[in-house]
Number of protein chains: 6
Amino acid sequence: MSVVTDDNNWGILPLVAELRGLRLQSLQNRQRLQHPPKLPAKKILRDIVDNLAAVLFPNRLGLPDINDEGIDYFVGHTLDSVMRQLNQQIGLELQFYAQQQGLAQDSQPQSVQITRAFAATLPSIRLLIDSDIQAAYEGDPAAHSADEVLICYPGIYAVIHHRIAHQLYRLGAPLVARVIAELAHSATGIDIHPGAQIADSFFIDHGTGVVIGETAEIGRHVRLYQAVTLGAKRFDKDDNGILIKGSSRHPIVEDRVVIYAGATLLGRITIGHDSTIGGNVWLTHSVPPNSFISQAQVRS
Amino acid sequence: MSVVTDDNNWGILPLVAELRGLRLQSLQNRQRLQHPPKLPAKKILRDIVDNLAAVLFPNRLGLPDINDEGIDYFVGHTLDSVMRQLNQQIGLELQFYAQQQGLAQDSQPQSVQITRAFAATLPSIRLLIDSDIQAAYEGDPAAHSADEVLICYPGIYAVIHHRIAHQLYRLGAPLVARVIAELAHSATGIDIHPGAQIADSFFIDHGTGVVIGETAEIGRHVRLYQAVTLGAKRFDKDDNGILIKGSSRHPIVEDRVVIYAGATLLGRITIGHDSTIGGNVWLTHSVPPNSFISQAQVRS
Amino acid sequence: MSVVTDDNNWGILPLVAELRGLRLQSLQNRQRLQHPPKLPAKKILRDIVDNLAAVLFPNRLGLPDINDEGIDYFVGHTLDSVMRQLNQQIGLELQFYAQQQGLAQDSQPQSVQITRAFAATLPSIRLLIDSDIQAAYEGDPAAHSADEVLICYPGIYAVIHHRIAHQLYRLGAPLVARVIAELAHSATGIDIHPGAQIADSFFIDHGTGVVIGETAEIGRHVRLYQAVTLGAKRFDKDDNGILIKGSSRHPIVEDRVVIYAGATLLGRITIGHDSTIGGNVWLTHSVPPNSFISQAQVRS
Amino acid sequence: MSVVTDDNNWGILPLVAELRGLRLQSLQNRQRLQHPPKLPAKKILRDIVDNLAAVLFPNRLGLPDINDEGIDYFVGHTLDSVMRQLNQQIGLELQFYAQQQGLAQDSQPQSVQITRAFAATLPSIRLLIDSDIQAAYEGDPAAHSADEVLICYPGIYAVIHHRIAHQLYRLGAPLVARVIAELAHSATGIDIHPGAQIADSFFIDHGTGVVIGETAEIGRHVRLYQAVTLGAKRFDKDDNGILIKGSSRHPIVEDRVVIYAGATLLGRITIGHDSTIGGNVWLTHSVPPNSFISQAQVRS
Amino acid sequence: MSVVTDDNNWGILPLVAELRGLRLQSLQNRQRLQHPPKLPAKKILRDIVDNLAAVLFPNRLGLPDINDEGIDYFVGHTLDSVMRQLNQQIGLELQFYAQQQGLAQDSQPQSVQITRAFAATLPSIRLLIDSDIQAAYEGDPAAHSADEVLICYPGIYAVIHHRIAHQLYRLGAPLVARVIAELAHSATGIDIHPGAQIADSFFIDHGTGVVIGETAEIGRHVRLYQAVTLGAKRFDKDDNGILIKGSSRHPIVEDRVVIYAGATLLGRITIGHDSTIGGNVWLTHSVPPNSFISQAQVRS
Amino acid sequence: MSVVTDDNNWGILPLVAELRGLRLQSLQNRQRLQHPPKLPAKKILRDIVDNLAAVLFPNRLGLPDINDEGIDYFVGHTLDSVMRQLNQQIGLELQFYAQQQGLAQDSQPQSVQITRAFAATLPSIRLLIDSDIQAAYEGDPAAHSADEVLICYPGIYAVIHHRIAHQLYRLGAPLVARVIAELAHSATGIDIHPGAQIADSFFIDHGTGVVIGETAEIGRHVRLYQAVTLGAKRFDKDDNGILIKGSSRHPIVEDRVVIYAGATLLGRITIGHDSTIGGNVWLTHSVPPNSFISQAQVRS
């Protein structure tokens with residue numbers, strides 16, 4: 001018996017002590033507080049996005065059985081509870097940054113303000129997503145109905161998350177926005193930074209591997225395929241060799257541009273309206289409207 | 001107290017009204033019915049696929065503890081319940097399209113027919129997946145056993161979904177099939193349209209970013225690596241500038257072809273048997289059997 | 001009524017028999033045992049990794065409310081339960097391979113030994129991940145705090161899994177390690193083989209489509225972007241045309257190398273320290289330290 | 001190994017056959033249909049009652065966080081979903097009895113009618129329960145607030161169920177009503193037949209073992225203690241020795257009567273208003289108003 | 001901040017030590033082993049009983065949707081899994097008692113034997129419960145159908161548990177049996193010791209407070225009401241004043257006896273067939289067949 | 001279609017309005033606040049009691065697999081989380097009563113004080129329960145081991161709840177205590193008011209229907225059977241006819257008294273030590289030590 005007991009001895013006591021030591025050392029290194037404030041939680045934000053989607057499309061993404069008498073009660077009740085949850089998550093983000101900057105401010109009034117302002121944008125978000133669905137339906141020969149697009153296109157899934165995340169980013173909750181963007185990234189392989197500005201009727205087909213950077217600007221009726229990158233040429237450092245943050249460093253893509261699979265567009269370049277960028281193209285300079293860019297053919 | 005109440009006022013009442021207005025307008029725009037029929041549900045289809053996998057591989061993907069006396073009861077009971085669920089989902093799809101076309105037909109007899117026909121294909125699906133597992137085991141130097149391949153290779157996960165989805169697509173349930181394909185896409189980054197015809201002993205290694213289009217045809221013992229695209233050159237439009245749907249527009253890949261990571265093959269081209277397509281190759285024309293295609297080297 | 005009954009007849013009885021026949025035939029083909037041993041389970045390993053992450057970062061990935069008095073009890077209790085679970089999963093792997101090789105050995109002592117050795121590496125794992133977080137924070141202009149990096153960067157999620165999986169691989173539990181690696185692959189699109197050796201301060205940005213092979217060796221302060229492949233040129237076969245397994249076949253990447261999106265590095269080549277590999281580059285030969293490799297520009 | 005397999009053989013095959021034989025025989029004995037209609041489900045009715053309680057007391061038994069802006073949406077949404085569920089359960093009951101009587105009628109219109117009529121009684125139910133809470137608060141020296149009574153008195157729990165069940169019984173859903181009554185019985189030990197007619201301000205203290213029969217009639221401001229029985233003297237049989245069902249056979253208890261623990265009142269007797277019945281009394285005849293009935297003292 | 005930390009200090013460290021001391025002392029007092037074997041678990045046994053009930057009544061207590069093609073697969077699969085679970089629980093009981101008696105025997109063969117013998121009794125259990133349902137239907141003027149009795153009568157719920165528990169008690173698993181009996185006791189207030197021998201067609205109405213002792217023997221067609229006790233006169237002690245265990249000490253109730261609410265029958269007395277025992281009667285001596293016993297009336 | 005819509009119209013709009021009117025009226029009647037504070041929650045308190053039981057008996061009621069290395073971490077971690085939860089529930093109670101009395105005090109310091117004081121009593125609670133288990137084992141001829149008593153005797157279940165509830169009542173959290181007492185009441189049919197003072201080695205057999213009042217005092221080694229009432233003779237009212245609350249009004253039961261099933265003891269009487277009270281006895285006066293009280297026999 002004693003042998004078995006010995007065999008099951010994992011050495012927890014010294015391990016716990018060693019891990020505690022590392023935690024304290026890490027806090028010291030980063031000059032962090034002993035009791036770090038809580039952060040927004042991925043799991044709760046997933047519920048929040050699901051509920052916002054249900055508010056926007058109650059028949060399709062909410063309760064499929066809902067009928068006319070009950071639908072507004074459903075929308076109103078879901079809004080009421082999701083807004084309170086969102087307010088709390090935004091409050092955590094504000095508190096976190098306040099404390100990081102040594103401020104002890106009450107985040108409550110500001111988070112209420114952001115949440116309320118966000119709520120007011122929901123109708124415009126719905127309109128944008130309607131235009132995105134229509135663009136997907138028109139842009140994919142395999143699509144049979146707008147409803148099919150809404151329930152099974154990963155590009156639509158990603159864009160619903162982005163439309164929500166972008167408003168939160170814009171209103172002052174960039175961390176909450178980022179977590180929402182990563183939820184879509186994990187589910188679809190489409191990585192859109194919440195800062196990216198995207199006009200209506202946007203369609204991403206297949207989508208896996210798409211990356212759209214923080215300061216990208218995308219016009220109306222733009223279509224992207226899988227593995228397209230709208231990235232930065234990242235060599236801007238300050239005198240100390242530290243990366244400079246925040247400047248406009250991603251492409252501007254004008255109206256009605258189509259970019260095929262695997263194309264990589266880097267830096268603050270402008271792709272003129274009605275251009276087509278071919279698959280796997282590597283592009284670091286601007287092109288005028290109506291351009292047609294393609295890769296050299298391989299030898300056979 | 002009143003201040004807090006005021007702070008928590010999200011403006012739900014006008015928001016509910018505004019969203020209702022947008023819903024009605026959107027229904028009008030699309031000339032849709034007031035009470036849209038239910039659609040197949042992603043969550044239920046995930047359970048259905050899991051249960052079908054358990055029926056096909058009861059020891060490995062069903063109940064690991066199952067023994068000889070109980071295994072057929074498990075298979076039979078799971079089949080019974082999964083077929084009823086699948087029948088229901090197929091019925092929803094049929095009803096949805098019937099109603100979209102203004103038909104009021106009873107979808108029940110047809111969905112039973114499709115479900116029953118699908119059930120009859122399960123043994124052939126099992127045989128195909130057995131061949132895929134064998135191909136993965138032989139094709140990957142890192143694989144130590146067929147069981148390991150079955151439980152942890154994303155390529156196998158995707159191909160199990162495809163073998164199921166393709167039969168449903170073929171039998172007349174393309175939307176159910178599409179949702180199943182997207183479940184695999186989300187979990188693996190491998191996007192195989194359920195219409196694609198794939199012969200036995202198919203292996204995708206790593207897989208993230210693979211896209212295989214609706215009309216692609218793939219022969220026996222074909223091997224693909226990550227980020228391979230078998231896509232369409234999408235410029236076919238009708239006189240009104242609308243994309244033409246349904247024609248054969250994706251590559252034909254013959255037996256024993258290997259396609260390395262990142263290669264992009266577009267259009268109704270034919271890759272002759274026993275060819276090798278190198279990584280990152282961009283290919284829009286057919287190649288004869290036994291071809292070896294590779295990208296030009298970069299300058300250093 | 002009888003018609004409906006007839007309609008609902010799925011033909012389960014013959015189907016169950018046919019599937020049983022296929023199972024037996026498959027067992028025979030692979031000369032497998034009638035009662036195959038259980039395999040490690042993906043779902044349980046997901047919990048195990050979550051709990052290990054909670055042990056390593058109790059405030060951020062464990063219980064956000066935990067305070068000073070309770071934190072060591074939480075860490076100790078979680079360790080105790082996660083080690084017992086891990087021991088069980090490792091035991092299943094050992095038993096599986098023993099039985100495959102016709103051995104009837106008791107896997108218990110060996111699995112306890114591996115589990116205990118793994119437990120002892122947890123502090124070093126924590127230190128490595130701390131360095132990875134720091135590298136991510138410094139390497140991404142969009143990052144605002146180390147905490148944000150920890151909770152929402154997919155590259156960090158993947159690297160936490162890899163640091164854990166690599167130790168298990170090294171200590172003799174390669175299948176458990178592989179399942180853990182695939183959990184990260186599915187969630188992030190980043191596919192790191194658990195055999196890969198990666199030094200401290202490693203950062204993958206965006207990450208979708210990254211593939212790092214089994215024998216890759218990566219130095220300190222290396223940075224990768226999405227869709228980078230560190231793969232093998234897989235043509236080594238033995239005289240019977242069967243792939244040779246196990247040899248060193250993936251790149252060596254030295255300290256402070258940066259590899260941009262979509263670059264493909266194949267074979268046992270060495271990328272000298274402080275080099276930069278441009279996006280979409282296809283590279284199959286070694287380059288000296290301080291190299292700067294980029295793709296030819298496309299024509300416009 | 002084979003021995004263990006043998007040991008694990010439970011003899012399922014013959015057992016399944018034998019149980020099937022018994023089922024068929026039992027169906028024959030009872031001349032029942034091969035495919036018996038579904039019955040109302042206990043588990044769903046538990047949810048229904050919980051939701052009705054939440055509708056009636058949204059702050060206390062619904063969402064404790066609900067505020068003024070959201071409360072009516074919550075009530076409306078909960079009503080909408082609970083009424084549809086209830087309608088379905090009532091439909092099952094109606095179908096069951098119709099089929100039992102060989103009728104093939106569509107139960108839908110009738111169940112909708114009953115459900116709608118039930119909905120209309122909810123305000124009066126709320127008023128009655130308010131009076132019951134007040135009676136409990138006034139009647140128990142240990143009660144400190146009406147809210148305490150609402151959340152922790154088993155007598156109130158039972159009476160909420162009864163008020164709901166009685167309306168359903170009255171409107172024509174006696175089986176649904178009975179299941180609801182048994183939910184309260186199981187949780188509290190208080191067994192009130194849904195047929196019992198109980199006026200306002202009713203209070204049962206402690207309650208375990210209380211039994212109130214189908215045709216009992218209870219006036220206003222009545223108070224009962226644990227283990228009180230208002231039962232039938234059950235000897236009415238017809239000429240064939242079969243019990244006669246349905247006649248008035250339980251006591252009438254007039255206003256302001258108090259009945260102490262363990263008292264047993266049997267038969268269609270009348271307890272005049274303002275009477276007190278002592279503990280453990282056994283009573284089978286009527287008593288006039290203002291009576292005081294007690295048991296003979298035991299010898300010491 | 002420090003004040004709050006202080007306020008949240010619950011004194012866990014000394015408390016953990018003190019509780020550990022008490023545990024060790026208690027083990028010493030009872031001369032128990034340091035590592036006590038596991039006991040059967042209430043929660044798992046609840047599932048087991050639910051599954052056994054589903055096996056016995058698959059349409060009513062199993063899957064309401066089950067049809068002819070699937071029903072035997074359901075029964076077989078449920079049997080297979082429930083027998084393995086039950087075998088495990090019985091094994092725990094046997095091991096517990098073996099270790100208590102200082103034996104180190106392998107409980108596996110014996111538990112398999114008991115489980116298999118139990119499985120063989122399931123058809124007879126079904127027949128007995130059929131007779132109990134029939135008795136309830138005939139005995140209660142408020143019952144409208146046998147199905148209603150099966151799904152909502154607490155007496156039937158208790159008797160299903162007892163029929164199962166009694167076989168397990170008889171076959172050598174008294175602790176498992178006891179836990180099952182207590183599950184029914186908690187849900188219904190009916191406390192039947194699993195040792196009690198009860199013939200067919202047994203009916204308990206209302207039931208709260210019924211107690212039936214270990215050595216009670218009950219004939220066919222017996223009917224009990226709430227709060228009936230069939231108990232022991234517990235004064236048998238040995239020379240050391242310690243209670244003597246195991247002797248026959250509860251009543252024998254012959255065929256067709258009816259016992260009304262609250263009657264207390266104590267000791268090894270015999271109630272002759274076709275007798276009626278009135279409510280609240282206190283009886284400690286035998287009565288001949290066809291007796292009619294009632295309590296003296298109270299004065300008014 | 002429109003007919004169905006009409007049929008499904010439950011009249012929610014007017015119902016919501018009517019229920020809102022009743023809520024407001026009820027608030028006015030009781031002069032209650034518009035935003036009533038939250039109350040302690042039954043569901044959370046159930047978890048708290050389960051966790052406290054796990055802390056007290058970690059092997060039996062906590063984690064059955066726990067071993068020596070992990071047990072104190074389990075106890076410490078569980079304590080830490082349960083104390084924080086309990087603190088929160090006690091805080092809700094204090095706030096509720098403060099607000100009821102028009103006070104706006106911060107309940108936090110007081111709830112921490114009560115919680116901490118409660119934590120300190122846990123060792124004494126464990127000792128008391130140990131004595132209760134021993135008493136049950138010695139007092140029931142059917143008990144085979146102390147462990148069996150702990151896991152399946154309802155009397156022990158009730159007494160664990162009471163030992164916890166009584167300390168909370170005593171320390172100033174009577175509502176939390178009451179909810180805990182009702183959890184035991186619902187599960188066992190044993191209703192012990194948390195105010196009752198009960199010395200060590202207390203045993204209730206069977207238990208259904210036992211009621212023990214708020215001011216009862218029970219000595220050491222007392223044994224009760226089912227349906228025993230220790231109640232009040234409730235006729236004390238003030239000049240306005242309102243019940244007087246709080247005075248000592250329940251029996252004192254001295255050491256080593258045994259009270260058999262169904263006995264009813266009412267008022268502030270004293271049962272002298274070593275007395276025996278027979279079943280169904282009705283007793284409203286004190287009896288000296290060593291008394292033997294029994295009911296008159298019925299006529300046959």
# chains A, B, ... in the order shown; residues from 1 in each chain; ligands from 1
>>> residues_around(residues="Lys43 (chain A)", least_positions_apart="2", cutoff="12 Å", atoms="only C-alpha atoms", output="ChimeraX atom specification")
/A:39-41,45-50,85,89,176,179-180,182-183 /C:61,151-152
>>> residues_around(residues="region 247-263 of chain D", least_positions_apart="3", cutoff="7 Å", atoms="only C-alpha atoms", output="PyMOL selection string")
chain D and resi 213+215-232+266-282
>>> closest_atom_pairs(of="chain A", to="chain F", cutoff="9 Å", atoms="only C-alpha atoms", output="JSON lines")
{"residue": "A:Thr5", "atom": "CA", "partner": "F:Asp68", "partner_atom": "CA", "distance": 8.0}
{"residue": "A:Asn8", "atom": "CA", "partner": "F:Glu69", "partner_atom": "CA", "distance": 8.3}
{"residue": "A:Asn9", "atom": "CA", "partner": "F:Glu69", "partner_atom": "CA", "distance": 6.7}
{"residue": "A:Trp10", "atom": "CA", "partner": "F:Glu69", "partner_atom": "CA", "distance": 8.1}
{"residue": "A:Gly11", "atom": "CA", "partner": "F:Glu69", "partner_atom": "CA", "distance": 8.4}
{"residue": "A:Ile12", "atom": "CA", "partner": "F:Glu69", "partner_atom": "CA", "distance": 7.4}
{"residue": "A:Leu13", "atom": "CA", "partner": "F:Glu69", "partner_atom": "CA", "distance": 8.4}
{"residue": "A:Asn67", "atom": "CA", "partner": "F:Thr5", "partner_atom": "CA", "distance": 8.1}
{"residue": "A:Asp68", "atom": "CA", "partner": "F:Thr5", "partner_atom": "CA", "distance": 8.0}
{"residue": "A:Glu69", "atom": "CA", "partner": "F:Asn9", "partner_atom": "CA", "distance": 6.7}
{"residue": "A:Gly70", "atom": "CA", "partner": "F:Ile12", "partner_atom": "CA", "distance": 8.1}
>>> residues_around(residues="Leu52 (chain D)", least_positions_apart="5", cutoff="12 Å", atoms="only C-alpha atoms", output="ChimeraX atom specification")
/D:45-47,57-58,61-62,74-83,85-86,118-119,121-123,125-126,160-161,163-165,180 /F:19
>>> residues_around(residues="Arg60 (chain C)", least_positions_apart="5", cutoff="9 Å", atoms="only C-alpha atoms", output="short mmCIF file (atom, residue, chain, number, x, y, z; two decimals) with N, CA, C and O atoms, in the first residue's frame")
data_model
loop_
_atom_site.label_atom_id
_atom_site.label_comp_id
_atom_site.auth_asym_id
_atom_site.auth_seq_id
_atom_site.Cartn_x
_atom_site.Cartn_y
_atom_site.Cartn_z
N PRO A 36 -4.21 41.88 -9.33
CA PRO A 36 -4.56 42.45 -10.63
C PRO A 36 -6.07 42.43 -10.83
O PRO A 36 -6.76 41.50 -10.41
N LYS A 38 -9.67 42.03 -12.61
CA LYS A 38 -10.18 41.02 -13.55
C LYS A 38 -10.20 41.56 -14.98
O LYS A 38 -10.29 42.76 -15.20
N LEU A 39 -10.13 40.66 -15.94
CA LEU A 39 -10.20 41.05 -17.34
C LEU A 39 -11.53 40.58 -17.93
O LEU A 39 -12.18 39.68 -17.38
N ALA C 54 -4.34 26.83 -15.86
CA ALA C 54 -4.83 27.48 -14.64
C ALA C 54 -3.78 27.38 -13.53
O ALA C 54 -3.63 28.30 -12.72
N ASP C 147 -1.18 41.20 -20.26
CA ASP C 147 -2.38 40.44 -19.92
C ASP C 147 -3.28 40.23 -21.13
O ASP C 147 -3.85 39.16 -21.32
N LEU C 150 -1.92 37.51 -23.13
CA LEU C 150 -2.17 36.19 -22.55
C LEU C 150 -3.60 35.72 -22.82
O LEU C 150 -3.84 34.55 -23.10
N ILE C 151 -4.57 36.62 -22.72
CA ILE C 151 -5.94 36.12 -22.87
C ILE C 151 -6.45 36.11 -24.30
O ILE C 151 -7.40 35.41 -24.59
#
>>> atom_distance(atom1="CA of Ile66 (chain A)", atom2="CA of Arg84 (chain D)")
9.9 Å
>>> atom_distance(atom1="CA of Ser186 (chain C)", atom2="CA of Ala187 (chain A)")
8.8 Å
>>> residues_around(residues="Ser111 (chain F)", least_positions_apart="3", cutoff="9 Å", atoms="only C-alpha atoms", output="ChimeraX atom specification")
/F:86-94,107-108,114-116,173
>>> write_last_selection(atoms="all heavy atoms", output="tab-separated table (two decimals), in the first residue's frame")
chain	number	residue	atom	x	y	z
F	86	LEU	N	-20.46	31.95	0.91
F	86	LEU	CA	-21.31	32.09	2.09
F	86	LEU	C	-21.34	33.55	2.54
F	86	LEU	O	-22.40	34.10	2.89
F	86	LEU	CB	-20.78	31.19	3.20
F	86	LEU	CG	-21.57	31.18	4.51
F	86	LEU	CD1	-23.01	30.73	4.27
F	86	LEU	CD2	-20.91	30.26	5.53
F	87	ASN	N	-20.19	34.18	2.51
F	87	ASN	CA	-20.09	35.59	2.88
F	87	ASN	C	-21.06	36.43	2.04
F	87	ASN	O	-21.75	37.31	2.55
F	87	ASN	CB	-18.65	36.05	2.65
F	87	ASN	CG	-18.45	37.50	3.02
F	87	ASN	OD1	-19.12	38.02	3.90
F	87	ASN	ND2	-17.53	38.15	2.32
F	88	GLN	N	-21.12	36.13	0.77
F	88	GLN	CA	-21.98	36.87	-0.14
F	88	GLN	C	-23.46	36.66	0.20
F	88	GLN	O	-24.25	37.60	0.23
F	88	GLN	CB	-21.72	36.35	-1.55
F	88	GLN	CG	-21.87	37.37	-2.62
F	88	GLN	CD	-21.28	36.86	-3.92
F	88	GLN	OE1	-21.18	35.65	-4.14
F	88	GLN	NE2	-20.89	37.75	-4.80
F	89	GLN	N	-23.83	35.43	0.49
F	89	GLN	CA	-25.21	35.13	0.84
F	89	GLN	C	-25.61	35.79	2.15
F	89	GLN	O	-26.70	36.33	2.29
F	89	GLN	CB	-25.43	33.61	0.93
F	89	GLN	CG	-25.25	32.90	-0.40
F	89	GLN	CD	-26.24	33.36	-1.44
F	89	GLN	OE1	-27.44	33.36	-1.21
F	89	GLN	NE2	-25.75	33.79	-2.60
F	90	ILE	N	-24.72	35.74	3.11
F	90	ILE	CA	-25.00	36.39	4.40
F	90	ILE	C	-25.11	37.90	4.18
F	90	ILE	O	-25.99	38.56	4.75
F	90	ILE	CB	-23.90	36.06	5.43
F	90	ILE	CG1	-23.96	34.56	5.78
F	90	ILE	CG2	-24.05	36.91	6.69
F	90	ILE	CD1	-22.82	34.09	6.67
F	91	GLY	N	-24.25	38.43	3.33
F	91	GLY	CA	-24.33	39.86	3.00
F	91	GLY	C	-25.69	40.23	2.43
F	91	GLY	O	-26.26	41.27	2.79
F	92	LEU	N	-26.23	39.38	1.56
F	92	LEU	CA	-27.55	39.66	1.00
F	92	LEU	C	-28.62	39.69	2.09
F	92	LEU	O	-29.50	40.55	2.09
F	92	LEU	CB	-27.92	38.59	-0.06
F	92	LEU	CG	-27.10	38.62	-1.35
F	92	LEU	CD1	-27.48	37.45	-2.24
F	92	LEU	CD2	-27.31	39.94	-2.09
F	93	GLU	N	-28.54	38.74	3.03
F	93	GLU	CA	-29.52	38.73	4.12
F	93	GLU	C	-29.42	40.01	4.95
F	93	GLU	O	-30.45	40.64	5.25
F	93	GLU	CB	-29.30	37.51	5.01
F	93	GLU	CG	-30.15	37.57	6.28
F	93	GLU	CD	-30.15	36.31	7.10
F	93	GLU	OE1	-29.57	35.30	6.64
F	93	GLU	OE2	-30.75	36.31	8.19
F	94	LEU	N	-28.21	40.38	5.30
F	94	LEU	CA	-28.04	41.57	6.15
F	94	LEU	C	-28.56	42.83	5.43
F	94	LEU	O	-29.26	43.64	6.02
F	94	LEU	CB	-26.56	41.74	6.51
F	94	LEU	CG	-25.96	40.61	7.36
F	94	LEU	CD1	-24.48	40.85	7.57
F	94	LEU	CD2	-26.68	40.48	8.71
F	107	SER	N	-23.28	46.16	4.54
F	107	SER	CA	-23.36	44.89	5.25
F	107	SER	C	-22.05	44.12	5.22
F	107	SER	O	-21.89	43.12	5.89
F	107	SER	CB	-24.45	44.02	4.63
F	107	SER	OG	-24.05	43.63	3.34
F	108	GLN	N	-21.10	44.57	4.42
F	108	GLN	CA	-19.89	43.80	4.18
F	108	GLN	C	-19.10	43.46	5.46
F	108	GLN	O	-18.82	42.29	5.72
F	108	GLN	CB	-19.01	44.53	3.16
F	108	GLN	CG	-17.79	43.76	2.69
F	108	GLN	CD	-18.16	42.46	2.00
F	108	GLN	OE1	-19.30	42.21	1.69
F	108	GLN	NE2	-17.17	41.60	1.81
F	114	ILE	N	-19.39	37.46	10.56
F	114	ILE	CA	-20.21	36.26	10.79
F	114	ILE	C	-19.60	35.06	10.08
F	114	ILE	O	-19.49	33.97	10.64
F	114	ILE	CB	-21.66	36.50	10.28
F	114	ILE	CG1	-22.36	37.55	11.14
F	114	ILE	CG2	-22.44	35.19	10.29
F	114	ILE	CD1	-23.75	37.92	10.64
F	115	THR	N	-19.18	35.27	8.83
F	115	THR	CA	-18.63	34.15	8.06
F	115	THR	C	-17.38	33.61	8.74
F	115	THR	O	-17.18	32.39	8.84
F	115	THR	CB	-18.29	34.62	6.63
F	115	THR	OG1	-19.43	35.23	6.06
F	115	THR	CG2	-17.86	33.45	5.76
F	116	ARG	N	-16.53	34.53	9.21
F	116	ARG	CA	-15.30	34.10	9.85
F	116	ARG	C	-15.59	33.35	11.15
F	116	ARG	O	-14.98	32.32	11.45
F	116	ARG	CB	-14.43	35.33	10.14
F	116	ARG	CG	-12.98	34.99	10.34
F	116	ARG	CD	-12.17	36.22	10.65
F	116	ARG	NE	-12.02	37.07	9.48
F	116	ARG	CZ	-11.70	38.36	9.54
F	116	ARG	NH1	-11.50	38.94	10.70
F	116	ARG	NH2	-11.57	39.06	8.43
F	173	ALA	N	-27.48	35.02	11.08
F	173	ALA	CA	-27.93	34.88	9.69
F	173	ALA	C	-29.13	33.93	9.64
F	173	ALA	O	-29.10	32.87	9.02
F	173	ALA	CB	-26.79	34.35	8.81
>>> atom_distance(atom1="CA of Gln25 (chain C)", atom2="CA of Glu148 (chain B)")
19.3 Å
>>> closest_residue(among="D:Leu22, D:Ala196, D:Ala98, D:Leu171", to="Ile129 (chain E)", atoms="only C-alpha atoms")
D:Leu22
>>> closest_residue(among="A:Leu63, A:Ala120, A:Leu127, A:Ala184", to="Arg23 (chain B)", atoms="only C-alpha atoms")
A:Leu127
>>> select_by_dssp(residues="region 127-295 of chain F", states="alpha helix (DSSP H)", output="JSON, numbers by chain")
{"F": [127, 128, 129, 130, 131, 132, 133, 134, 135, 136, 137, 138, 139, 146, 147, 148, 149, 150, 151, 152, 154, 155, 156, 157, 158, 159, 160, 161, 162, 163, 164, 165, 166, 167, 168, 169, 170, 171, 174, 175, 176, 177, 178, 179, 180, 181, 182, 183, 184, 185, 186, 187, 188]}
>>> select_by_dssp(residues="region 8-245 of chain D", states="strand (DSSP E)", output="PyMOL selection string")
chain D and resi 191-192+197-198+203-204+211-212+217-218+223-224+229-231
